[in-house]
$ cat work_16.cif   # mmCIF, C-alpha atoms
data_query
#
loop_
_atom_site.label_atom_id
_atom_site.label_comp_id
_atom_site.auth_asym_id
_atom_site.auth_seq_id
_atom_site.Cartn_x
_atom_site.Cartn_y
_atom_site.Cartn_z
CA MET E 23 0.00 0.00 0.00
CA VAL E 24 1.37 3.41 -0.92
CA GLU E 25 1.45 5.81 1.99
CA MET E 26 -0.31 9.07 1.20
CA GLN E 27 1.96 12.03 1.70
CA LEU E 28 1.14 14.12 4.75
CA PRO E 29 -0.14 17.57 3.85
CA THR E 30 1.20 20.22 6.19
CA PRO E 31 -0.92 20.79 9.29
CA SER E 32 -1.62 24.30 8.00
CA GLU E 33 -3.07 22.86 4.81
CA LEU E 34 -5.35 20.62 6.80
CA CYS E 35 -6.36 23.37 9.19
CA TRP E 36 -7.32 25.89 6.52
CA ASN E 37 -11.01 25.63 7.38
CA ALA E 38 -10.70 25.61 11.15
CA LYS E 39 -11.44 28.76 13.10
CA PHE E 40 -8.88 28.91 15.86
CA PRO E 41 -9.73 31.33 18.64
CA PRO E 42 -6.94 33.94 18.75
CA GLU E 43 -6.96 34.06 22.54
CA GLN E 44 -6.31 30.29 22.78
CA GLU E 45 -3.11 29.79 20.85
CA TRP E 46 -2.51 26.43 22.53
CA ILE E 47 -5.34 24.91 20.50
CA GLU E 48 -3.73 25.61 17.14
CA GLN E 49 -0.32 24.49 18.38
CA THR E 50 -1.53 21.19 19.83
CA ILE E 51 -3.76 20.46 16.85
CA HIS E 52 -0.79 20.80 14.51
CA VAL E 53 1.20 18.30 16.58
CA ALA E 54 -1.81 15.98 16.82
CA VAL E 55 -2.36 15.96 13.06
CA VAL E 56 1.18 14.76 12.49
CA ASN E 57 0.85 12.06 15.14
CA VAL E 58 -2.54 10.78 13.99
CA TRP E 59 -2.05 10.95 10.23
CA ARG E 60 -0.52 7.54 9.63
CA ARG E 61 -3.18 5.63 11.47
CA ALA E 62 -5.89 7.82 9.96
CA HIS E 63 -4.63 6.92 6.54
CA HIS E 64 -4.71 3.20 7.32
CA VAL E 65 -8.21 3.40 8.76
CA ALA E 66 -9.58 5.32 5.79
CA HIS E 67 -8.02 2.83 3.44
CA SER E 68 -9.25 -0.27 5.24
CA GLN E 69 -12.69 1.00 6.22
CA LEU E 70 -13.68 2.99 3.16
CA GLY E 71 -11.45 1.34 0.59
CA ASN E 72 -10.48 4.81 -0.47
CA ASP E 73 -7.72 6.78 1.16
CA SER E 74 -8.29 9.82 -1.03
CA LEU E 75 -10.90 10.88 1.51
CA VAL E 76 -8.48 10.97 4.40
CA GLN E 77 -7.69 14.68 4.01
CA GLU E 78 -11.34 15.68 3.84
CA ILE E 79 -12.23 13.56 6.87
CA MET E 80 -9.27 14.90 8.82
CA GLU E 81 -10.42 18.45 8.15
CA ILE E 82 -13.83 17.61 9.58
CA ALA E 83 -12.21 16.00 12.62
CA ILE E 84 -10.04 19.08 13.12
CA GLU E 85 -13.05 21.38 13.05
CA GLY E 86 -14.80 19.19 15.60
CA ALA E 87 -11.74 19.08 17.83
CA VAL E 88 -11.35 22.85 17.76
CA CYS E 89 -14.99 23.27 18.80
CA ARG E 90 -14.57 20.86 21.70
CA LEU E 91 -11.27 22.33 22.88
CA GLN E 92 -12.58 25.87 23.05
CA THR E 93 -14.58 24.95 26.12
CA ASP E 94 -11.64 23.16 27.76
CA SER E 95 -8.77 24.33 29.85
CA PRO E 96 -5.46 23.95 28.00
CA GLN E 97 -4.71 20.31 27.18
CA GLY E 98 -1.53 18.53 26.17
CA PRO E 99 -0.73 17.11 22.74
CA GLU E 100 -1.54 13.54 23.78
CA TYR E 101 -5.06 14.43 24.83
CA VAL E 102 -5.62 16.43 21.67
CA ALA E 103 -4.25 13.64 19.46
CA SER E 104 -6.57 11.18 21.16
CA LEU E 105 -9.55 13.50 20.66
CA LEU E 106 -8.66 14.08 17.02
CA GLU E 107 -8.28 10.37 16.34
CA ARG E 108 -11.62 9.65 18.00
CA LEU E 109 -13.39 12.27 15.89
CA PHE E 110 -11.69 10.97 12.77
CA LEU E 111 -12.86 7.41 13.48
CA GLN E 112 -16.37 8.63 14.13
CA GLU E 113 -16.52 10.34 10.76
CA VAL E 114 -15.11 7.27 9.00
CA ARG E 115 -17.71 5.08 10.66
CA ARG E 116 -20.48 7.50 9.78
CA ARG E 117 -19.46 7.48 6.14
CA ARG E 118 -19.04 3.75 6.02
CA LYS E 119 -22.55 3.28 7.31
CA ALA E 120 -23.88 5.86 4.93
CA ASN E 121 -22.29 3.95 2.05
CA ASN E 122 -25.11 1.47 2.01
CA ARG E 123 -23.73 -0.68 4.77
CA LEU E 124 -27.02 -0.04 6.49
CA VAL E 125 -30.33 0.51 4.81
CA TYR E 126 -32.63 2.68 6.83
CA LEU E 127 -36.27 2.40 6.01
CA GLY E 128 -38.20 5.38 7.27
CA SER E 129 -38.32 9.11 7.28
CA ASN E 130 -35.42 11.53 7.26
CA GLN E 131 -36.32 12.38 10.82
CA GLU E 132 -35.82 8.76 11.80
CA LEU E 133 -32.45 8.80 10.16
CA LEU E 134 -31.46 11.85 12.16
CA THR E 135 -32.20 10.07 15.40
CA GLY E 136 -29.56 7.47 14.55
CA SER E 137 -25.87 7.36 15.19
CA ALA E 138 -24.99 10.56 13.42
CA GLN E 139 -26.42 12.57 16.29
CA ASN E 140 -24.63 10.56 18.91
CA PRO E 141 -21.28 9.66 17.46
CA HIS E 142 -19.68 9.01 20.86
CA THR E 143 -21.20 5.57 21.01
CA LEU E 144 -19.41 4.55 17.83
CA VAL E 145 -15.95 4.55 19.28
CA ASP E 146 -16.99 3.18 22.64
CA SER E 147 -18.80 0.16 21.33
CA ALA E 148 -16.09 -2.42 20.83
CA ILE E 149 -17.57 -5.84 21.33
CA ASP E 150 -15.91 -7.79 24.10
CA LEU E 151 -14.40 -10.68 22.19
CA ASP E 152 -12.64 -11.93 25.30
CA ARG E 153 -15.97 -12.50 26.94
CA ILE E 154 -17.55 -14.00 23.83
CA LEU E 155 -14.72 -16.42 23.25
CA ARG E 156 -13.93 -17.25 26.86
CA GLY E 157 -13.73 -20.96 27.51
CA ILE E 158 -13.77 -22.13 23.91
CA PRO E 159 -11.50 -25.13 23.28
CA PRO E 160 -8.09 -24.77 21.61
CA ASP E 161 -9.08 -26.42 18.32
CA VAL E 162 -11.95 -23.96 17.91
CA ARG E 163 -9.61 -21.08 18.73
CA ILE E 164 -7.18 -22.20 16.07
CA ALA E 165 -10.02 -22.68 13.58
CA LEU E 166 -11.37 -19.18 14.20
CA LEU E 167 -7.92 -17.66 13.86
CA LEU E 168 -7.38 -19.49 10.58
CA ARG E 169 -10.73 -18.39 9.20
CA TYR E 170 -9.98 -14.87 10.37
CA SER E 171 -6.78 -14.99 8.36
CA ARG E 172 -8.88 -16.04 5.36
CA SER E 173 -8.08 -19.74 5.24
CA ARG E 174 -10.86 -21.83 3.74
CA TRP E 175 -12.81 -24.26 5.91
CA SER E 176 -11.27 -27.11 3.95
CA GLU E 177 -7.81 -25.81 4.84
CA VAL E 178 -8.81 -25.37 8.47
CA ALA E 179 -10.06 -28.96 8.57
CA ALA E 180 -6.83 -30.23 7.03
CA VAL E 181 -4.72 -28.37 9.61
CA LEU E 182 -6.76 -29.79 12.46
CA GLY E 183 -6.96 -33.28 11.00
CA THR E 184 -10.73 -33.42 10.95
CA SER E 185 -13.56 -33.04 8.48
CA GLU E 186 -14.85 -29.71 7.27
CA ALA E 187 -18.34 -30.45 8.57
CA ALA E 188 -17.04 -31.41 12.00
CA ILE E 189 -14.95 -28.32 12.57
CA ARG E 190 -17.66 -26.04 11.25
CA LEU E 191 -20.08 -27.57 13.68
CA ARG E 192 -17.63 -27.10 16.53
CA CYS E 193 -17.19 -23.43 15.61
CA LYS E 194 -20.86 -22.73 15.08
CA ARG E 195 -21.65 -21.63 18.60
CA ALA E 196 -18.74 -19.17 18.77
CA LEU E 197 -19.60 -17.79 15.33
CA ASP E 198 -23.22 -17.35 16.31
CA ARG E 199 -22.15 -15.39 19.37
CA ILE E 200 -19.85 -13.14 17.35
CA ARG E 201 -22.55 -12.58 14.73
CA GLN E 202 -25.09 -11.75 17.41
CA LYS E 203 -22.76 -9.26 19.08
CA LEU E 204 -21.80 -7.54 15.85
CA GLU E 205 -25.46 -7.24 14.87
CA GLY E 206 -26.30 -5.95 18.32
CA GLN E 207 -23.57 -3.37 18.15
CA ILE E 208 -24.90 -2.03 14.86
CA HIS E 209 -28.45 -1.84 16.22
CA ASP E 210 -27.26 -0.15 19.42
CA ASN E 211 -25.51 2.51 17.40
CA MET S 8 -37.99 3.81 15.07
CA ALA S 9 -36.15 3.21 11.83
CA GLU S 10 -36.03 -0.33 10.57
CA ILE S 11 -32.49 -1.43 9.97
CA HIS S 12 -31.19 -4.16 7.71
CA SER S 13 -27.69 -4.75 8.94
CA LEU S 14 -25.38 -7.67 8.33
CA PRO S 15 -26.69 -9.50 5.31
CA LEU S 16 -27.48 -13.13 5.92
CA ASP S 17 -24.57 -15.13 4.67
CA GLY S 18 -25.99 -18.58 5.23
CA ASP S 19 -23.36 -21.25 5.11
CA ASN S 20 -20.78 -18.82 3.90
CA ASP S 21 -19.41 -16.96 6.90
CA THR S 22 -16.75 -15.09 4.99
CA LEU S 23 -18.73 -11.90 5.32
CA LEU S 24 -18.89 -12.33 9.08
CA PHE S 25 -15.12 -12.55 9.30
CA GLU S 26 -14.78 -9.51 7.08
CA LYS S 27 -17.06 -7.57 9.43
CA LEU S 28 -15.07 -8.80 12.38
CA GLN S 29 -11.86 -7.61 10.76
CA GLU S 30 -13.38 -4.20 10.14
CA HIS S 31 -14.50 -4.10 13.75
CA VAL S 32 -11.05 -4.97 15.06
CA LEU S 33 -9.39 -2.43 12.75
CA ALA S 34 -11.69 0.28 14.01
CA HIS S 35 -11.76 -0.54 17.70
CA TYR S 36 -8.45 -2.11 18.66
CA PRO S 37 -5.57 0.13 17.62
CA ASN S 38 -2.26 -1.10 18.99
CA PRO S 39 0.39 1.22 17.57
CA GLU S 40 2.89 0.15 20.23
CA ARG S 41 2.31 -3.47 19.22
CA LYS S 42 1.82 -4.63 22.77
CA GLY S 43 1.48 -8.39 23.00
CA CYS S 44 1.86 -8.92 19.26
CA PRO S 45 3.31 -12.19 18.04
CA ASP S 46 6.48 -12.11 15.99
CA PRO S 47 5.78 -11.11 12.36
CA ALA S 48 7.28 -14.45 11.34
CA VAL S 49 4.51 -16.20 13.26
CA LEU S 50 1.87 -14.19 11.41
CA LYS S 51 3.55 -15.08 8.14
CA SER S 52 3.50 -18.71 9.19
CA LEU S 53 -0.20 -18.49 9.94
CA ILE S 54 -0.73 -17.61 6.29
CA GLU S 55 1.93 -19.73 4.66
CA THR S 56 2.17 -22.83 6.84
CA PRO S 57 -0.76 -22.73 9.27
CA GLY S 58 -0.19 -26.27 10.47
CA GLU S 59 3.04 -25.20 12.13
CA VAL S 60 1.61 -22.38 14.23
CA THR S 61 0.67 -22.83 17.86
CA LEU S 62 -1.78 -20.88 19.96
CA ALA S 63 1.04 -19.99 22.34
CA ALA S 64 3.12 -18.48 19.52
CA LEU S 65 0.12 -16.43 18.45
CA ASN S 66 -0.40 -15.22 22.02
CA ASP S 67 -3.72 -17.01 22.00
CA LEU S 68 -6.50 -14.83 20.57
CA HIS S 69 -4.49 -11.60 20.64
CA ILE S 70 -5.11 -11.03 16.93
CA PHE S 71 -8.81 -10.56 17.58
CA LYS S 72 -7.96 -7.52 19.64
CA CYS S 73 -5.20 -6.00 17.54
CA ALA S 74 -5.68 -3.80 14.49
CA GLU S 75 -1.97 -3.95 13.67
CA CYS S 76 -1.86 -7.75 13.52
CA THR S 77 -5.11 -7.81 11.58
CA ARG S 78 -3.74 -5.35 9.07
CA MET S 79 -0.55 -7.33 8.70
CA LEU S 80 -2.49 -10.55 8.20
CA MET S 81 -4.57 -8.94 5.47
CA GLU S 82 -1.46 -7.67 3.74
CA LEU S 83 0.24 -11.06 3.97
CA LYS S 84 -2.81 -12.74 2.53
CA GLN S 85 -2.87 -10.24 -0.32
CA GLN S 86 0.79 -10.92 -1.00
CA LYS S 87 0.11 -14.63 -1.07
CA LYS S 88 -2.72 -14.10 -3.55
CA HIS S 89 -0.51 -11.98 -5.77
CA LYS S 90 2.23 -14.60 -5.67
CA ALA S 91 -0.23 -17.32 -6.55
CA SER S 92 -1.60 -15.37 -9.50
CA GLU S 93 1.84 -14.68 -10.97
#
$ encode --input "work_16.cif" --output "structure tokens"
Amino acid sequence: MVEMQLPTPSELCWNAKFPPEQEWIEQTIHVAVVNVWRRAHHVAHSQLGNDSLVQEIMEIAIEGAVCRLQTDSPQGPEYVASLLERLFLQEVRRRRKANNRLVYLGSNQELLTGSAQNPHTLVDSAIDLDRILRGIPPDVRIALLLRYSRSRWSEVAAVLGTSEAAIRLRCKRALDRIRQKLEGQIHDN
Amino acid sequence: MAEIHSLPLDGDNDTLLFEKLQEHVLAHYPNPERKGCPDPAVLKSLIETPGEVTLAALNDLHIFKCAECTRMLMELKQQKKHKASE
């Protein structure tokens, strides 16, 4: 994957309205942009399949961060980078969902009551895989890891020395739990 | 309340489920300091020679909570595909 060149922080901040009496905001945002850029690029690429949007999304995240920080006492670069990354991820998730990942049936008003108005839940909603997968036997763990790394069920069965049907059956319960949690997470958001 | 059609039913084919899970891990489990990550050679082995990899070497289910390992696995798989198609 070709890494997109980092625009200067000033280029990315062109649209942000920094309050002149709070110089620390502009300074820490510039540092945060540099620190967050690489991961932002990876996320945009993997989540949207299109890293050309990373600059646009970063600009939106910067505007959001500036708004939030204006009501704060001065914060350090780490805090600001964390805030910026969170806002970036929220915007990526919002766009990914808007790109037909979800089909909303209903009025525009119904749509507005969804995740876009409460983006905080998006980044705080990691499903607890530890809990879901707690206690599953080693062969199922290996099978899930192999499937996760895109091995076929036939390959998984060969590695484990069993039949495809048998290992699929053994994994079914864990897969059902993961599916249920992922579905639940989307509905919650 | 809006009606939502979310994960499409994938029937016997759970590939889509694993894709969603990968997206979820990429979005929710950043690990830029690579804490607890298995050696890259182990990840490569998981793709190239999966029969030789142990749970211990993989740090058990660490990969399910690590965007960096997930990303690396995806890249390794892509590389393997490219090699196979050459």
$ interface_residues --input "work_16.cif" --of "chain S" --to "chain E" --cutoff "10 Å" --atoms "all atoms listed in the file" --output "PyMOL selection string"
chain S and resi 8-15+19-22+24-37+39+50+53-54+56-62+65+67-72+74-75+77-84
$ write_last_selection --input "work_16.cif" --atoms "C-alpha atoms" --output "PDB file, in the coordinates of the input"
ATOM      1  CA  MET S   8     -37.990   3.810  15.070  1.00  0.00           C
ATOM      2  CA  ALA S   9     -36.150   3.210  11.830  1.00  0.00           C
ATOM      3  CA  GLU S  10     -36.030  -0.330  10.570  1.00  0.00           C
ATOM      4  CA  ILE S  11     -32.490  -1.430   9.970  1.00  0.00           C
ATOM      5  CA  HIS S  12     -31.190  -4.160   7.710  1.00  0.00           C
ATOM      6  CA  SER S  13     -27.690  -4.750   8.940  1.00  0.00           C
ATOM      7  CA  LEU S  14     -25.380  -7.670   8.330  1.00  0.00           C
ATOM      8  CA  PRO S  15     -26.690  -9.500   5.310  1.00  0.00           C
ATOM      9  CA  ASP S  19     -23.360 -21.250   5.110  1.00  0.00           C
ATOM     10  CA  ASN S  20     -20.780 -18.820   3.900  1.00  0.00           C
ATOM     11  CA  ASP S  21     -19.410 -16.960   6.900  1.00  0.00           C
ATOM     12  CA  THR S  22     -16.750 -15.090   4.990  1.00  0.00           C
ATOM     13  CA  LEU S  24     -18.890 -12.330   9.080  1.00  0.00           C
ATOM     14  CA  PHE S  25     -15.120 -12.550   9.300  1.00  0.00           C
ATOM     15  CA  GLU S  26     -14.780  -9.510   7.080  1.00  0.00           C
ATOM     16  CA  LYS S  27     -17.060  -7.570   9.430  1.00  0.00           C
ATOM     17  CA  LEU S  28     -15.070  -8.800  12.380  1.00  0.00           C
ATOM     18  CA  GLN S  29     -11.860  -7.610  10.760  1.00  0.00           C
ATOM     19  CA  GLU S  30     -13.380  -4.200  10.140  1.00  0.00           C
ATOM     20  CA  HIS S  31     -14.500  -4.100  13.750  1.00  0.00           C
ATOM     21  CA  VAL S  32     -11.050  -4.970  15.060  1.00  0.00           C
ATOM     22  CA  LEU S  33      -9.390  -2.430  12.750  1.00  0.00           C
ATOM     23  CA  ALA S  34     -11.690   0.280  14.010  1.00  0.00           C
ATOM     24  CA  HIS S  35     -11.760  -0.540  17.700  1.00  0.00           C
ATOM     25  CA  TYR S  36      -8.450  -2.110  18.660  1.00  0.00           C
ATOM     26  CA  PRO S  37      -5.570   0.130  17.620  1.00  0.00           C
ATOM     27  CA  PRO S  39       0.390   1.220  17.570  1.00  0.00           C
ATOM     28  CA  LEU S  50       1.870 -14.190  11.410  1.00  0.00           C
ATOM     29  CA  LEU S  53      -0.200 -18.490   9.940  1.00  0.00           C
ATOM     30  CA  ILE S  54      -0.730 -17.610   6.290  1.00  0.00           C
ATOM     31  CA  THR S  56       2.170 -22.830   6.840  1.00  0.00           C
ATOM     32  CA  PRO S  57      -0.760 -22.730   9.270  1.00  0.00           C
ATOM     33  CA  GLY S  58      -0.190 -26.270  10.470  1.00  0.00           C
ATOM     34  CA  GLU S  59       3.040 -25.200  12.130  1.00  0.00           C
ATOM     35  CA  VAL S  60       1.610 -22.380  14.230  1.00  0.00           C
ATOM     36  CA  THR S  61       0.670 -22.830  17.860  1.00  0.00           C
ATOM     37  CA  LEU S  62      -1.780 -20.880  19.960  1.00  0.00           C
ATOM     38  CA  LEU S  65       0.120 -16.430  18.450  1.00  0.00           C
ATOM     39  CA  ASP S  67      -3.720 -17.010  22.000  1.00  0.00           C
ATOM     40  CA  LEU S  68      -6.500 -14.830  20.570  1.00  0.00           C
ATOM     41  CA  HIS S  69      -4.490 -11.600  20.640  1.00  0.00           C
ATOM     42  CA  ILE S  70      -5.110 -11.030  16.930  1.00  0.00           C
ATOM     43  CA  PHE S  71      -8.810 -10.560  17.580  1.00  0.00           C
ATOM     44  CA  LYS S  72      -7.960  -7.520  19.640  1.00  0.00           C
ATOM     45  CA  ALA S  74      -5.680  -3.800  14.490  1.00  0.00           C
ATOM     46  CA  GLU S  75      -1.970  -3.950  13.670  1.00  0.00           C
ATOM     47  CA  THR S  77      -5.110  -7.810  11.580  1.00  0.00           C
ATOM     48  CA  ARG S  78      -3.740  -5.350   9.070  1.00  0.00           C
ATOM     49  CA  MET S  79      -0.550  -7.330   8.700  1.00  0.00           C
ATOM     50  CA  LEU S  80      -2.490 -10.550   8.200  1.00  0.00           C
ATOM     51  CA  MET S  81      -4.570  -8.940   5.470  1.00  0.00           C
ATOM     52  CA  GLU S  82      -1.460  -7.670   3.740  1.00  0.00           C
ATOM     53  CA  LEU S  83       0.240 -11.060   3.970  1.00  0.00           C
ATOM     54  CA  LYS S  84      -2.810 -12.740   2.530  1.00  0.00           C
TER      55      LYS S  84
END
$ residues_around --input "work_16.cif" --residues "Pro42 (chain E)" --least-positions-apart "6" --cutoff "12 Å" --atoms "only C-alpha atoms" --output "ChimeraX atom specification"
/E:48-49,88,92
$ resolve_selection --input "work_16.cif" --expression "the PyMOL selection byres ((chain E and resi 113) around 9)" --output "list in words"
Ile79, Met80, Ile82, Ala83, Arg108, Leu109, Phe110, Leu111, Gln112, Val114, Arg115, Arg116, Arg117, Arg118, Ala138 and Pro141 of chain E
$ atom_distance --input "work_16.cif" --atom1 "CA of Glu33 (chain E)" --atom2 "CA of Gly86 (chain E)"
16.4 Å
$ atom_distance --input "work_16.cif" --atom1 "CA of Val102 (chain E)" --atom2 "CA of Ala54 (chain E)"
6.2 Å
$ axis_aligned_box --input "work_16.cif" --around "region 29-35 of chain E" --padding-each-side "8 Å" --output "AutoDock Vina command-line options"
--center_x -2.6 --center_y 20.9 --center_z 6.6 --size_x 23.6 --size_y 22.7 --size_z 21.4
$ atom_distance --input "work_16.cif" --atom1 "CA of Pro96 (chain E)" --atom2 "CA of Glu43 (chain E)"
11.6 Å
$ resolve_selection --input "work_16.cif" --expression "the PyMOL selection byres ((chain E and resi 97) around 12)" --output "list of chain:residue names"
E:Gln44, E:Glu45, E:Trp46, E:Ile47, E:Glu48, E:Gln49, E:Thr50, E:Ile51, E:Ala54, E:Ala87, E:Val88, E:Arg90, E:Leu91, E:Gln92, E:Thr93, E:Asp94, E:Ser95, E:Pro96, E:Gly98, E:Pro99, E:Glu100, E:Tyr101, E:Val102, E:Ala103, E:Ser104, E:Leu105
$ closest_residue --input "work_16.cif" --among "S:Lys88, S:Cys76, S:Glu40, S:Leu23" --to "Glu55 (chain S)" --atoms "only C-alpha atoms"
S:Lys88
$ residues_near_point --input "work_16.cif" --point "(-6.0, 9.9, 10.3)" --cutoff "7 Å" --atoms "all atoms listed in the file" --output "ChimeraX atom specification"
/E:58-63,76,80,107,110
$ write_last_selection --input "work_16.cif" --atoms "C-alpha atoms" --output "PDB file, in the frame of the given file"
ATOM      1  CA  VAL E  58      -2.540  10.780  13.990  1.00  0.00           C
ATOM      2  CA  TRP E  59      -2.050  10.950  10.230  1.00  0.00           C
ATOM      3  CA  ARG E  60      -0.520   7.540   9.630  1.00  0.00           C
ATOM      4  CA  ARG E  61      -3.180   5.630  11.470  1.00  0.00           C
ATOM      5  CA  ALA E  62      -5.890   7.820   9.960  1.00  0.00           C
ATOM      6  CA  HIS E  63      -4.630   6.920   6.540  1.00  0.00           C
ATOM      7  CA  VAL E  76      -8.480  10.970   4.400  1.00  0.00           C
ATOM      8  CA  MET E  80      -9.270  14.900   8.820  1.00  0.00           C
ATOM      9  CA  GLU E 107      -8.280  10.370  16.340  1.00  0.00           C
ATOM     10  CA  PHE E 110     -11.690  10.970  12.770  1.00  0.00           C
TER      11      PHE E 110
END
$ decode --input "work_16.cif" --residues "region 39-85 of chain E" --atoms "C-alpha atoms" --output "PDB file, in the first residue's frame"
ATOM      1  CA  LYS E  39     -11.441  28.760  13.097  1.00  0.00           C
ATOM      2  CA  PHE E  40      -8.882  28.910  15.858  1.00  0.00           C
ATOM      3  CA  PRO E  41      -9.734  31.329  18.641  1.00  0.00           C
ATOM      4  CA  PRO E  42      -6.939  33.943  18.746  1.00  0.00           C
ATOM      5  CA  GLU E  43      -6.960  34.063  22.542  1.00  0.00           C
ATOM      6  CA  GLN E  44      -6.313  30.294  22.781  1.00  0.00           C
ATOM      7  CA  GLU E  45      -3.115  29.785  20.845  1.00  0.00           C
ATOM      8  CA  TRP E  46      -2.507  26.432  22.529  1.00  0.00           C
ATOM      9  CA  ILE E  47      -5.337  24.906  20.496  1.00  0.00           C
ATOM     10  CA  GLU E  48      -3.727  25.610  17.144  1.00  0.00           C
ATOM     11  CA  GLN E  49      -0.321  24.494  18.383  1.00  0.00           C
ATOM     12  CA  THR E  50      -1.527  21.189  19.829  1.00  0.00           C
ATOM     13  CA  ILE E  51      -3.764  20.458  16.846  1.00  0.00           C
ATOM     14  CA  HIS E  52      -0.791  20.803  14.507  1.00  0.00           C
ATOM     15  CA  VAL E  53       1.196  18.304  16.576  1.00  0.00           C
ATOM     16  CA  ALA E  54      -1.811  15.981  16.824  1.00  0.00           C
ATOM     17  CA  VAL E  55      -2.359  15.963  13.060  1.00  0.00           C
ATOM     18  CA  VAL E  56       1.184  14.764  12.486  1.00  0.00           C
ATOM     19  CA  ASN E  57       0.847  12.061  15.144  1.00  0.00           C
ATOM     20  CA  VAL E  58      -2.535  10.780  13.987  1.00  0.00           C
ATOM     21  CA  TRP E  59      -2.045  10.949  10.230  1.00  0.00           C
ATOM     22  CA  ARG E  60      -0.518   7.541   9.635  1.00  0.00           C
ATOM     23  CA  ARG E  61      -3.183   5.628  11.474  1.00  0.00           C
ATOM     24  CA  ALA E  62      -5.885   7.825   9.961  1.00  0.00           C
ATOM     25  CA  HIS E  63      -4.634   6.916   6.536  1.00  0.00           C
ATOM     26  CA  HIS E  64      -4.707   3.202   7.323  1.00  0.00           C
ATOM     27  CA  VAL E  65      -8.209   3.401   8.763  1.00  0.00           C
ATOM     28  CA  ALA E  66      -9.584   5.324   5.787  1.00  0.00           C
ATOM     29  CA  HIS E  67      -8.021   2.826   3.440  1.00  0.00           C
ATOM     30  CA  SER E  68      -9.253  -0.268   5.238  1.00  0.00           C
ATOM     31  CA  GLN E  69     -12.691   1.004   6.219  1.00  0.00           C
ATOM     32  CA  LEU E  70     -13.682   2.989   3.158  1.00  0.00           C
ATOM     33  CA  GLY E  71     -11.448   1.337   0.592  1.00  0.00           C
ATOM     34  CA  ASN E  72     -10.482   4.815  -0.472  1.00  0.00           C
ATOM     35  CA  ASP E  73      -7.718   6.778   1.157  1.00  0.00           C
ATOM     36  CA  SER E  74      -8.286   9.823  -1.030  1.00  0.00           C
ATOM     37  CA  LEU E  75     -10.897  10.877   1.515  1.00  0.00           C
ATOM     38  CA  VAL E  76      -8.484  10.973   4.401  1.00  0.00           C
ATOM     39  CA  GLN E  77      -7.692  14.680   4.010  1.00  0.00           C
ATOM     40  CA  GLU E  78     -11.337  15.680   3.845  1.00  0.00           C
ATOM     41  CA  ILE E  79     -12.232  13.562   6.871  1.00  0.00           C
ATOM     42  CA  MET E  80      -9.270  14.896   8.822  1.00  0.00           C
ATOM     43  CA  GLU E  81     -10.419  18.450   8.153  1.00  0.00           C
ATOM     44  CA  ILE E  82     -13.835  17.608   9.583  1.00  0.00           C
ATOM     45  CA  ALA E  83     -12.210  15.999  12.616  1.00  0.00           C
ATOM     46  CA  ILE E  84     -10.040  19.076  13.121  1.00  0.00           C
ATOM     47  CA  GLU E  85     -13.051  21.376  13.051  1.00  0.00           C
TER      48      GLU E  85
END
